[in-house]
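One structure is given here, and the rest of the page talks about it.
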Amino acid sequence: MPPIQYIVEGGHRLSGTIEPSGNKNAALPIIAAALLTEHPVTLENVPRIRDTETLVELIRSVGASAEWRARNTLSIHARDVRAADLDPELCARIRASILLAGPLLARCGEVALPPPGGDVIGRRRLDTHFLAFEQLGATVTATHRLEFRASKLRGADVFLDEPSVTATENALVAAVAAHGTTYLRNAASEPHVQDLAHFLVALGAQIEGIGTNTITVHGPATLGGTSYSIQPDHIEVGSLIGLAAVTRSPLRIAKAGIEHLRSIRMGFERLGIVCGVEGDDLIVPSGQTMKIHDDFGGHVPKLEDQPWPAFPADLMSIAIVTATQCDGVILMFEKMFESRMFFVDKLIAMGGRIVLCDPHRAIVAGPSRLRGSTMTSPDIRAGMAMLLAAVAAEGTSTINNADQIERGYERIEERLNALGAKITRVPARDGPGA
């Protein structure tokens, strides 16, 4: 496919209502986990983005049928699956290919995976996956590819050495098929992990402790089929809050999944952006103070990411752009990934007043007037942050490698244009399904 550019004419105020897509990071493990059952599964509210399309290709390659029944409705039937050699090129596109290890190990007793790809945001270790699988009775060999084997998975008391989201998801899926009770301790508890657990329960799994850091799974489960709707993407909701703030625009975010927004709303309130709630809609009014709240005694405040339920790492890029438009000084502390902040040089070139202290910390002083620029998106979240900066800037910006943005945000330029943004996609989409 040709590389994708966004040409953005900045400086336009937005208004209207927008509904977030289904959570990408829930859809991916749930699509993979559909391989656990030999019965039909229907998934609704699946974001139609490059990562989900790639994973659908991968599950077809191991023998499952997968058909889009509507734009965001996916039917999967894994009557027979085989531990085939997975396409290295497809696996290299997305890190989520590692999520096939759990279900294929459970169904086939073995699986070989090429190294997974995904965003280049620093080292993303796989050791926690290996640790969990080995404690559940599998052998793991890591050479030029990852080989997992288990004649029989056994329940175990598993302490994860870090609360890795994908390792928790892989261990959770494997534990559903394991004989006996599994305790997953120091487990990740993000909304997408909860969504996967609820999907597995809908299939027939017995899981306790969903949403906590200790998950108990009673296996092996007798699984059937189900119809399940993916929850809204709280990271996209946070991105839209930032969009409303930097453009000084009133937005209604419909069906926002309010129960998962506490830490996100608190983080933006530190930047002087207060949202209201009407039912399950989030209201971002115009006329925000956009004044950064100092810590007690007038000290420079800090916004830092941590594992859920704290402020999510995937919103740090968005928060940095938002802070450039706020009045005050704040330290942004990204603890999770070494390369997440390396896009800030693009913001500095646009006029942002930012000091990058080290790979994990940046000081942002605002407000600053951003000017249009030419940028290249290094990853999904930095790409979306650049798009926010371009929409807020004076003049025209070009975002190269916008393919990265489309890996995580469905038809984002169309949806923002419907609110009043001026974004031209090059090449243009071929039609409604493109």
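All residue names refer to the structure tokens as shown: chains lettered A, B, ... in order, residues numbered from 1 in each chain, ligands numbered from 1 in order.
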
Hey, which bits of region 6-43 of chain A sit within 10 Å of region 81-85 of chain A, and for each residue what's the closest pair of atoms and how far apart in Å (one decimal), counting only C-alpha atoms, rows by chain and increasing number, as a Markdown table?
```
| residue | atom | partner | partner_atom | distance |
| --- | --- | --- | --- | --- |
| A:Leu35 | CA | A:Val81 | CA | 7.5 |
| A:Leu36 | CA | A:Val81 | CA | 9.4 |
| A:Thr37 | CA | A:Val81 | CA | 10.0 |
| A:Glu38 | CA | A:Val81 | CA | 8.7 |
```

Take the residues just selected and output them with C-alpha atoms as a short mmCIF file (atom, residue, chain, number, x, y, z; two decimals), in the first residue's frame.
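Output saved as selection38.cif:
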```
data_model
loop_
_atom_site.label_atom_id
_atom_site.label_comp_id
_atom_site.auth_asym_id
_atom_site.auth_seq_id
_atom_site.Cartn_x
_atom_site.Cartn_y
_atom_site.Cartn_z
CA LEU A 35 -9.54 -19.36 18.79
CA LEU A 36 -10.05 -21.02 22.21
CA THR A 37 -13.54 -22.28 21.34
CA GLU A 38 -14.68 -24.48 18.48
#
```

Region 379-386 of chain A environment, 7 Å, only C-alpha atoms, sequence neighbours closer than 5 positions dropped, as a PyMOL selection string: chain A and resi 119-120+314+317-318+321+343+402+404-405+407-408

Store the residues picked out above, limited to all heavy atoms, as a tab-separated table (two decimals), in the first residue's frame.
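The resulting file, again18.tsv, is reproduced below:
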```tsv
chain	number	residue	atom	x	y	z
A	119	ASP	N	4.80	-0.88	17.64
A	119	ASP	CA	5.39	0.45	17.80
A	119	ASP	C	6.83	0.37	18.27
A	119	ASP	O	7.20	-0.49	19.09
A	119	ASP	CB	4.60	1.26	18.84
A	119	ASP	CG	3.29	1.77	18.27
A	119	ASP	OD1	3.20	1.89	17.05
A	119	ASP	OD2	2.38	2.04	19.06
A	120	VAL	N	7.65	1.28	17.79
A	120	VAL	CA	9.03	1.40	18.27
A	120	VAL	C	9.04	2.49	19.33
A	120	VAL	O	9.29	3.65	19.05
A	120	VAL	CB	9.98	1.74	17.11
A	120	VAL	CG1	11.42	1.80	17.61
A	120	VAL	CG2	9.85	0.71	15.99
A	314	ASP	N	-0.34	5.39	27.40
A	314	ASP	CA	-0.72	5.68	26.02
A	314	ASP	C	-1.27	7.09	25.85
A	314	ASP	O	-1.47	7.53	24.71
A	314	ASP	CB	-1.77	4.67	25.53
A	314	ASP	CG	-1.12	3.38	25.05
A	314	ASP	OD1	0.11	3.33	24.95
A	314	ASP	OD2	-1.86	2.42	24.75
A	317	SER	N	1.68	11.17	25.35
A	317	SER	CA	1.96	11.99	24.16
A	317	SER	C	0.87	13.05	23.99
A	317	SER	O	1.16	14.22	23.68
A	317	SER	CB	2.04	11.11	22.91
A	317	SER	OG	2.99	10.10	23.07
A	318	ILE	N	-0.39	12.64	24.16
A	318	ILE	CA	-1.52	13.57	24.04
A	318	ILE	C	-1.43	14.64	25.12
A	318	ILE	O	-1.64	15.84	24.85
A	318	ILE	CB	-2.86	12.80	24.18
A	318	ILE	CG1	-2.99	11.72	23.09
A	318	ILE	CG2	-4.04	13.75	24.17
A	318	ILE	CD1	-3.12	12.22	21.70
A	321	VAL	N	1.21	17.41	24.31
A	321	VAL	CA	0.71	18.41	23.35
A	321	VAL	C	-0.29	19.33	24.03
A	321	VAL	O	-0.25	20.56	23.85
A	321	VAL	CB	0.07	17.71	22.13
A	321	VAL	CG1	-0.65	18.73	21.25
A	321	VAL	CG2	1.13	16.97	21.32
A	343	PHE	N	9.36	12.20	20.22
A	343	PHE	CA	8.68	12.99	19.21
A	343	PHE	C	8.63	14.47	19.58
A	343	PHE	O	8.21	15.30	18.77
A	343	PHE	CB	7.25	12.47	18.99
A	343	PHE	CG	6.26	12.94	20.01
A	343	PHE	CD1	5.35	13.96	19.70
A	343	PHE	CD2	6.25	12.42	21.30
A	343	PHE	CE1	4.45	14.41	20.65
A	343	PHE	CE2	5.35	12.87	22.25
A	343	PHE	CZ	4.44	13.87	21.92
A	402	ALA	N	1.44	8.52	8.24
A	402	ALA	CA	0.16	8.53	8.96
A	402	ALA	C	-0.46	7.14	9.02
A	402	ALA	O	-1.45	6.93	9.73
A	402	ALA	CB	-0.81	9.51	8.30
A	404	GLN	N	0.70	4.90	10.67
A	404	GLN	CA	0.80	4.57	12.09
A	404	GLN	C	-0.43	5.01	12.85
A	404	GLN	O	-0.95	4.29	13.71
A	404	GLN	CB	2.05	5.23	12.70
A	404	GLN	CG	3.37	4.61	12.28
A	404	GLN	CD	3.61	3.27	12.96
A	404	GLN	OE1	2.92	2.89	13.89
A	404	GLN	NE2	4.60	2.54	12.47
A	405	ILE	N	-0.94	6.20	12.56
A	405	ILE	CA	-2.14	6.70	13.24
A	405	ILE	C	-3.31	5.77	12.95
A	405	ILE	O	-4.10	5.42	13.84
A	405	ILE	CB	-2.46	8.14	12.80
A	405	ILE	CG1	-1.27	9.06	13.08
A	405	ILE	CG2	-3.72	8.65	13.51
A	405	ILE	CD1	-1.44	10.47	12.51
A	407	ARG	N	-3.31	2.71	12.39
A	407	ARG	CA	-3.22	1.43	13.09
A	407	ARG	C	-4.05	1.44	14.36
A	407	ARG	O	-4.44	0.37	14.87
A	407	ARG	CB	-1.77	1.10	13.45
A	407	ARG	CG	-0.92	0.59	12.29
A	407	ARG	CD	0.46	0.18	12.75
A	407	ARG	NE	0.38	-0.63	13.93
A	407	ARG	CZ	1.17	-0.51	15.01
A	407	ARG	NH1	2.11	0.43	15.02
A	407	ARG	NH2	1.03	-1.29	16.04
A	408	GLY	N	-4.32	2.63	14.91
A	408	GLY	CA	-5.00	2.69	16.19
A	408	GLY	C	-6.28	3.50	16.22
A	408	GLY	O	-7.04	3.39	17.18
```

In region 138-197 of chain A, DSSP alpha helix (DSSP H) residues written as a ChimeraX atom specification: /A:165-177,191-197

Expected answer as JSON, numbers by chain: strand (DSSP E) residues in region 15-230 of chain A: {"A": [16, 17, 18, 40, 41, 42, 43, 44, 65, 66, 67, 68, 69, 70, 73, 74, 75, 76, 77, 110, 111, 112, 113, 139, 140, 141, 142, 146, 147, 148, 149, 157, 158, 159, 180, 181, 182, 183, 184, 185, 206, 207, 208, 214, 215, 216, 217, 218, 219, 226, 227, 228, 229]}

Contact table region 300-373 of chain A vs region 238-251 of chain A, cut-off 12 Å, shortest pair per residue, only C-alpha atoms, as JSON lines:
```
{"residue": "A:Phe311", "atom": "CA", "partner": "A:Gly238", "partner_atom": "CA", "distance": 10.3}
{"residue": "A:Pro312", "atom": "CA", "partner": "A:Gly238", "partner_atom": "CA", "distance": 9.6}
{"residue": "A:Ala313", "atom": "CA", "partner": "A:Gly238", "partner_atom": "CA", "distance": 11.4}
{"residue": "A:Asp314", "atom": "CA", "partner": "A:Gly238", "partner_atom": "CA", "distance": 9.4}
{"residue": "A:Leu315", "atom": "CA", "partner": "A:Gly238", "partner_atom": "CA", "distance": 6.8}
{"residue": "A:Met316", "atom": "CA", "partner": "A:Ser239", "partner_atom": "CA", "distance": 9.9}
{"residue": "A:Ser317", "atom": "CA", "partner": "A:Ser239", "partner_atom": "CA", "distance": 9.3}
{"residue": "A:Ile318", "atom": "CA", "partner": "A:Ser239", "partner_atom": "CA", "distance": 6.1}
{"residue": "A:Ala319", "atom": "CA", "partner": "A:Gly242", "partner_atom": "CA", "distance": 6.9}
{"residue": "A:Ile320", "atom": "CA", "partner": "A:Gly242", "partner_atom": "CA", "distance": 9.5}
{"residue": "A:Val321", "atom": "CA", "partner": "A:Gly242", "partner_atom": "CA", "distance": 8.0}
{"residue": "A:Thr322", "atom": "CA", "partner": "A:Gly242", "partner_atom": "CA", "distance": 5.7}
{"residue": "A:Ala323", "atom": "CA", "partner": "A:Val246", "partner_atom": "CA", "distance": 8.7}
{"residue": "A:Thr324", "atom": "CA", "partner": "A:Val246", "partner_atom": "CA", "distance": 8.6}
{"residue": "A:Gln325", "atom": "CA", "partner": "A:Val246", "partner_atom": "CA", "distance": 6.1}
{"residue": "A:Cys326", "atom": "CA", "partner": "A:Val246", "partner_atom": "CA", "distance": 8.4}
{"residue": "A:Asp327", "atom": "CA", "partner": "A:Val246", "partner_atom": "CA", "distance": 11.9}
{"residue": "A:Gly366", "atom": "CA", "partner": "A:Val246", "partner_atom": "CA", "distance": 11.7}
{"residue": "A:Pro367", "atom": "CA", "partner": "A:Val246", "partner_atom": "CA", "distance": 10.2}
{"residue": "A:Ser368", "atom": "CA", "partner": "A:Val246", "partner_atom": "CA", "distance": 10.9}
{"residue": "A:Arg369", "atom": "CA", "partner": "A:Val246", "partner_atom": "CA", "distance": 10.8}
{"residue": "A:Leu370", "atom": "CA", "partner": "A:Val246", "partner_atom": "CA", "distance": 10.4}
```

May I have the selected residues written with C-alpha atoms, as a PDB file, in the first residue's frame?
```pdb
ATOM      1  CA  PHE A 311      -2.935   7.779  34.277  1.00  0.00           C
ATOM      2  CA  PRO A 312      -2.235   5.571  31.228  1.00  0.00           C
ATOM      3  CA  ALA A 313       1.082   5.608  29.372  1.00  0.00           C
ATOM      4  CA  ASP A 314      -0.719   5.682  26.020  1.00  0.00           C
ATOM      5  CA  LEU A 315      -2.012   9.194  26.816  1.00  0.00           C
ATOM      6  CA  MET A 316       1.304  10.817  27.736  1.00  0.00           C
ATOM      7  CA  SER A 317       1.955  11.994  24.163  1.00  0.00           C
ATOM      8  CA  ILE A 318      -1.524  13.567  24.041  1.00  0.00           C
ATOM      9  CA  ALA A 319      -1.033  15.193  27.458  1.00  0.00           C
ATOM     10  CA  ILE A 320       2.302  16.723  26.387  1.00  0.00           C
ATOM     11  CA  VAL A 321       0.708  18.407  23.347  1.00  0.00           C
ATOM     12  CA  THR A 322      -2.196  19.586  25.504  1.00  0.00           C
ATOM     13  CA  ALA A 323       0.192  21.061  28.084  1.00  0.00           C
ATOM     14  CA  THR A 324       1.837  23.232  25.404  1.00  0.00           C
ATOM     15  CA  GLN A 325      -1.463  25.110  25.175  1.00  0.00           C
ATOM     16  CA  CYS A 326      -1.961  25.489  28.923  1.00  0.00           C
ATOM     17  CA  ASP A 327      -0.811  28.294  31.215  1.00  0.00           C
ATOM     18  CA  GLY A 366       2.917  27.066  28.159  1.00  0.00           C
ATOM     19  CA  PRO A 367       1.014  28.429  26.511  1.00  0.00           C
ATOM     20  CA  SER A 368       2.919  28.558  23.226  1.00  0.00           C
ATOM     21  CA  ARG A 369       1.772  29.354  19.696  1.00  0.00           C
ATOM     22  CA  LEU A 370       2.284  26.355  17.454  1.00  0.00           C
TER      23      LEU A 370
END
```

Interatomic distance (Å, one decimal) between CA of Ala64 (chain A) and CA of Tyr409 (chain A):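 Separating CA of Ala64 (chain A) from CA of Tyr409 (chain A) is a distance of 25.8 Å.
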
Point-to-point distance from CA of Ser97 (chain A) to CA of Gly155 (chain A), Å rounded to tenths: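 Taking CA of Ser97 (chain A) and CA of Gly155 (chain A), their separation equals 24.0 Å.
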
Selection: 12 Å around Ile210 (chain A), only C-alpha atoms, excl. self and same-chain fewer than 5 positions, as a list of chain:residue names: A:Thr168, A:Glu169, A:Leu172, A:Tyr183, A:Leu184, A:Arg185, A:Ala187, A:Ala188, A:Ser189, A:Glu190, A:Pro191, A:His192, A:Val193, A:Gln194, A:Asp195, A:Leu196, A:Ala197, A:His198, A:Phe199, A:Leu200, A:Val201, A:Ile215, A:Thr216, A:Val217

Closest of A:Pro309, A:Val56, A:Gly11, A:Asn23 to Ala256 (chain A) - atom-to-atom distances counting only C-alpha atoms: A:Asn23

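Residues in contact with Pro29 (chain A) at up to 8 Å, not including ones fewer than 3 positions away on its chain and judged by only C-alpha atoms, are Asn25, Ala26, Ala32, Ala33, Ala96, Leu99, Glu169 and Leu196 of chain A.
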
Residue nearest Ala78 (chain A) - candidates A:His12, A:Ala34, A:Trp308, A:Gly102, atoms counted: only C-alpha atoms: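 Smallest separation from Ala78 (chain A) among the options: A:Ala34.
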
Distance query Pro20 (chain A) at most 10 Å, only C-alpha atoms, self and fewer than 4 positions along chain excluded, as a list in words: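 Contacts, with the query itself left out: Pro47, Gln231, Pro232, Asp233, His234, Ile235, Glu236, Val237, Gly238, Ser239, Leu240, Ile253, Ala254, Lys255, Ala256, Gly257, Tyr409, Glu410 and Arg415 of chain A.
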
Residues from last step as file, N, CA, C and O atoms, as a CSV table (one decimal), in the first residue's frame:
```csv
chain,number,residue,atom,x,y,z
A,47,PRO,N,-13.1,-2.2,16.2
A,47,PRO,CA,-12.5,-1.1,15.4
A,47,PRO,C,-11.9,-1.6,14.1
A,47,PRO,O,-11.1,-2.6,14.2
A,231,GLN,N,-15.9,-2.9,24.4
A,231,GLN,CA,-16.1,-1.6,25.1
A,231,GLN,C,-15.4,-0.4,24.4
A,231,GLN,O,-14.5,-0.6,23.7
A,232,PRO,N,-15.9,0.8,24.7
A,232,PRO,CA,-15.3,2.0,24.1
A,232,PRO,C,-13.8,2.1,24.5
A,232,PRO,O,-13.4,1.7,25.6
A,233,ASP,N,-13.0,2.8,23.6
A,233,ASP,CA,-11.6,3.0,23.8
A,233,ASP,C,-11.3,4.2,24.7
A,233,ASP,O,-11.5,5.3,24.3
A,234,HIS,N,-10.9,3.9,26.0
A,234,HIS,CA,-10.7,5.1,26.9
A,234,HIS,C,-9.5,5.9,26.4
A,234,HIS,O,-9.4,7.1,26.7
A,235,ILE,N,-8.6,5.3,25.7
A,235,ILE,CA,-7.4,6.1,25.2
A,235,ILE,C,-7.9,7.1,24.1
A,235,ILE,O,-7.5,8.2,24.0
A,236,GLU,N,-8.8,6.6,23.2
A,236,GLU,CA,-9.4,7.5,22.2
A,236,GLU,C,-10.2,8.6,22.9
A,236,GLU,O,-10.1,9.8,22.4
A,237,VAL,N,-10.9,8.3,23.9
A,237,VAL,CA,-11.7,9.3,24.7
A,237,VAL,C,-10.7,10.4,25.2
A,237,VAL,O,-10.9,11.6,25.1
A,238,GLY,N,-9.6,9.9,25.8
A,238,GLY,CA,-8.6,10.9,26.3
A,238,GLY,C,-8.0,11.7,25.2
A,238,GLY,O,-7.7,12.9,25.3
A,239,SER,N,-7.8,11.1,24.0
A,239,SER,CA,-7.3,11.8,22.8
A,239,SER,C,-8.2,12.9,22.4
A,239,SER,O,-7.8,14.1,22.1
A,240,LEU,N,-9.5,12.6,22.5
A,240,LEU,CA,-10.6,13.6,22.1
A,240,LEU,C,-10.7,14.7,23.1
A,240,LEU,O,-11.0,15.9,22.8
A,253,ILE,N,-18.6,13.7,23.8
A,253,ILE,CA,-18.0,12.4,23.5
A,253,ILE,C,-19.1,11.4,24.0
A,253,ILE,O,-19.3,11.1,25.2
A,254,ALA,N,-19.8,10.8,23.0
A,254,ALA,CA,-21.0,9.9,23.3
A,254,ALA,C,-20.5,8.5,23.7
A,254,ALA,O,-19.5,8.0,23.1
A,255,LYS,N,-21.2,7.9,24.6
A,255,LYS,CA,-21.0,6.5,24.9
A,255,LYS,C,-19.5,6.3,25.3
A,255,LYS,O,-18.8,5.5,24.7
A,256,ALA,N,-19.0,7.1,26.2
A,256,ALA,CA,-17.6,7.3,26.5
A,256,ALA,C,-17.0,6.3,27.5
A,256,ALA,O,-15.8,6.2,27.6
A,257,GLY,N,-17.9,5.4,28.1
A,257,GLY,CA,-17.4,4.5,29.1
A,257,GLY,C,-16.9,5.2,30.3
A,257,GLY,O,-15.8,5.1,30.7
A,409,TYR,N,-6.5,4.3,15.2
A,409,TYR,CA,-7.7,5.2,15.2
A,409,TYR,C,-8.5,5.0,13.9
A,409,TYR,O,-7.9,5.3,12.8
A,410,GLU,N,-9.7,4.6,14.0
A,410,GLU,CA,-10.5,4.3,12.8
A,410,GLU,C,-11.0,5.5,12.1
A,410,GLU,O,-11.7,6.4,12.7
A,415,ARG,N,-13.7,11.5,10.8
A,415,ARG,CA,-14.5,11.8,12.0
A,415,ARG,C,-14.2,13.1,12.6
A,415,ARG,O,-15.1,13.8,13.1
```

Shortest interatomic distance to Leu105 (chain A) - which of A:Leu160, A:Glu44, A:Asp51, A:Asn170, counting only C-alpha atoms: A:Asn170

Neighbour list for region 263-277 of chain A as number ranges by chain, cut-off 6 Å, only C-alpha atoms, skip fewer than 3 positions in-chain: A: 281-284, 288-293, 310-311

Leaving out Leu416 (chain A) and any residue of its chain fewer than 2 positions from it, which residues lie within 10 Å of it when counting only C-alpha atoms, given as a PDB file with N, CA, C and O atoms, in the first residue's frame?
```pdb
ATOM      1  N   LEU A  14     -13.680  23.381  16.584  1.00  0.00           N
ATOM      2  CA  LEU A  14     -14.514  22.219  16.326  1.00  0.00           C
ATOM      3  C   LEU A  14     -15.761  22.283  17.189  1.00  0.00           C
ATOM      4  O   LEU A  14     -15.815  23.008  18.181  1.00  0.00           O
ATOM      5  N   SER A  15     -16.758  21.513  16.823  1.00  0.00           N
ATOM      6  CA  SER A  15     -17.940  21.370  17.676  1.00  0.00           C
ATOM      7  C   SER A  15     -18.715  20.148  17.212  1.00  0.00           C
ATOM      8  O   SER A  15     -18.573  19.700  16.077  1.00  0.00           O
ATOM      9  N   GLY A  16     -19.530  19.626  18.118  1.00  0.00           N
ATOM     10  CA  GLY A  16     -20.376  18.506  17.738  1.00  0.00           C
ATOM     11  C   GLY A  16     -20.212  17.324  18.675  1.00  0.00           C
ATOM     12  O   GLY A  16     -19.675  17.430  19.782  1.00  0.00           O
ATOM     13  N   ILE A  18     -19.065  13.153  18.952  1.00  0.00           N
ATOM     14  CA  ILE A  18     -18.265  12.080  18.358  1.00  0.00           C
ATOM     15  C   ILE A  18     -18.320  10.885  19.298  1.00  0.00           C
ATOM     16  O   ILE A  18     -18.312  11.041  20.524  1.00  0.00           O
ATOM     17  N   LEU A 240      -9.527  12.623  22.507  1.00  0.00           N
ATOM     18  CA  LEU A 240     -10.561  13.588  22.112  1.00  0.00           C
ATOM     19  C   LEU A 240     -10.694  14.715  23.134  1.00  0.00           C
ATOM     20  O   LEU A 240     -10.985  15.860  22.775  1.00  0.00           O
ATOM     21  N   LEU A 243      -7.970  16.956  22.190  1.00  0.00           N
ATOM     22  CA  LEU A 243      -8.340  17.660  20.952  1.00  0.00           C
ATOM     23  C   LEU A 243      -9.257  18.840  21.249  1.00  0.00           C
ATOM     24  O   LEU A 243      -9.048  19.951  20.738  1.00  0.00           O
ATOM     25  N   VAL A 391      -3.768  20.295  14.181  1.00  0.00           N
ATOM     26  CA  VAL A 391      -5.113  20.881  14.150  1.00  0.00           C
ATOM     27  C   VAL A 391      -5.142  22.191  14.937  1.00  0.00           C
ATOM     28  O   VAL A 391      -5.863  23.132  14.585  1.00  0.00           O
ATOM     29  N   ARG A 411     -10.623   5.639  10.814  1.00  0.00           N
ATOM     30  CA  ARG A 411     -11.101   6.713   9.935  1.00  0.00           C
ATOM     31  C   ARG A 411     -11.076   8.056  10.663  1.00  0.00           C
ATOM     32  O   ARG A 411     -12.023   8.852  10.591  1.00  0.00           O
ATOM     33  N   ILE A 412      -9.969   8.332  11.318  1.00  0.00           N
ATOM     34  CA  ILE A 412      -9.930   9.467  12.243  1.00  0.00           C
ATOM     35  C   ILE A 412     -10.068  10.789  11.507  1.00  0.00           C
ATOM     36  O   ILE A 412     -10.703  11.727  11.998  1.00  0.00           O
ATOM     37  N   GLU A 413      -9.498  10.891  10.285  1.00  0.00           N
ATOM     38  CA  GLU A 413      -9.586  12.175   9.586  1.00  0.00           C
ATOM     39  C   GLU A 413     -11.028  12.467   9.186  1.00  0.00           C
ATOM     40  O   GLU A 413     -11.480  13.620   9.271  1.00  0.00           O
ATOM     41  N   GLU A 414     -11.792  11.460   8.781  1.00  0.00           N
ATOM     42  CA  GLU A 414     -13.204  11.669   8.435  1.00  0.00           C
ATOM     43  C   GLU A 414     -13.991  12.121   9.657  1.00  0.00           C
ATOM     44  O   GLU A 414     -14.829  13.034   9.581  1.00  0.00           O
ATOM     45  N   ALA A 418     -15.750  15.842  10.346  1.00  0.00           N
ATOM     46  CA  ALA A 418     -17.179  16.013  10.626  1.00  0.00           C
ATOM     47  C   ALA A 418     -17.414  16.985  11.776  1.00  0.00           C
ATOM     48  O   ALA A 418     -18.507  17.561  11.898  1.00  0.00           O
ATOM     49  N   LEU A 419     -16.384  17.202  12.609  1.00  0.00           N
ATOM     50  CA  LEU A 419     -16.477  18.162  13.714  1.00  0.00           C
ATOM     51  C   LEU A 419     -16.015  19.556  13.312  1.00  0.00           C
ATOM     52  O   LEU A 419     -16.149  20.490  14.097  1.00  0.00           O
ATOM     53  N   GLY A 420     -15.421  19.691  12.105  1.00  0.00           N
ATOM     54  CA  GLY A 420     -14.964  20.999  11.646  1.00  0.00           C
ATOM     55  C   GLY A 420     -13.482  21.094  11.377  1.00  0.00           C
ATOM     56  O   GLY A 420     -12.984  22.167  11.009  1.00  0.00           O
ATOM     57  N   ALA A 421     -12.751  19.980  11.547  1.00  0.00           N
ATOM     58  CA  ALA A 421     -11.318  20.000  11.225  1.00  0.00           C
ATOM     59  C   ALA A 421     -11.123  20.006   9.708  1.00  0.00           C
ATOM     60  O   ALA A 421     -12.052  19.695   8.949  1.00  0.00           O
ATOM     61  N   LYS A 422      -9.928  20.362   9.261  1.00  0.00           N
ATOM     62  CA  LYS A 422      -9.601  20.399   7.827  1.00  0.00           C
ATOM     63  C   LYS A 422      -8.392  19.491   7.596  1.00  0.00           C
ATOM     64  O   LYS A 422      -7.245  19.924   7.633  1.00  0.00           O
ATOM     65  N   ILE A 423      -8.670  18.201   7.409  1.00  0.00           N
ATOM     66  CA  ILE A 423      -7.612  17.204   7.235  1.00  0.00           C
ATOM     67  C   ILE A 423      -7.819  16.518   5.893  1.00  0.00           C
ATOM     68  O   ILE A 423      -8.902  15.989   5.622  1.00  0.00           O
TER      69      ILE A 423
END
```

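Taking CA of Pro301 (chain A) as the reference point, CA of Arg340 (chain A) is found at 20.3 Å.
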
Pick from A:Ala177, A:Phe337, A:Thr226, A:Ala92, whichever lies nearest to Leu55 (chain A) using only C-alpha atoms: A:Ala92

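Comparing A:Val8, A:Ile94, A:Gly137, A:Phe148 by their smallest distance to Val111 (chain A), the closest is A:Phe148 (using only C-alpha atoms).
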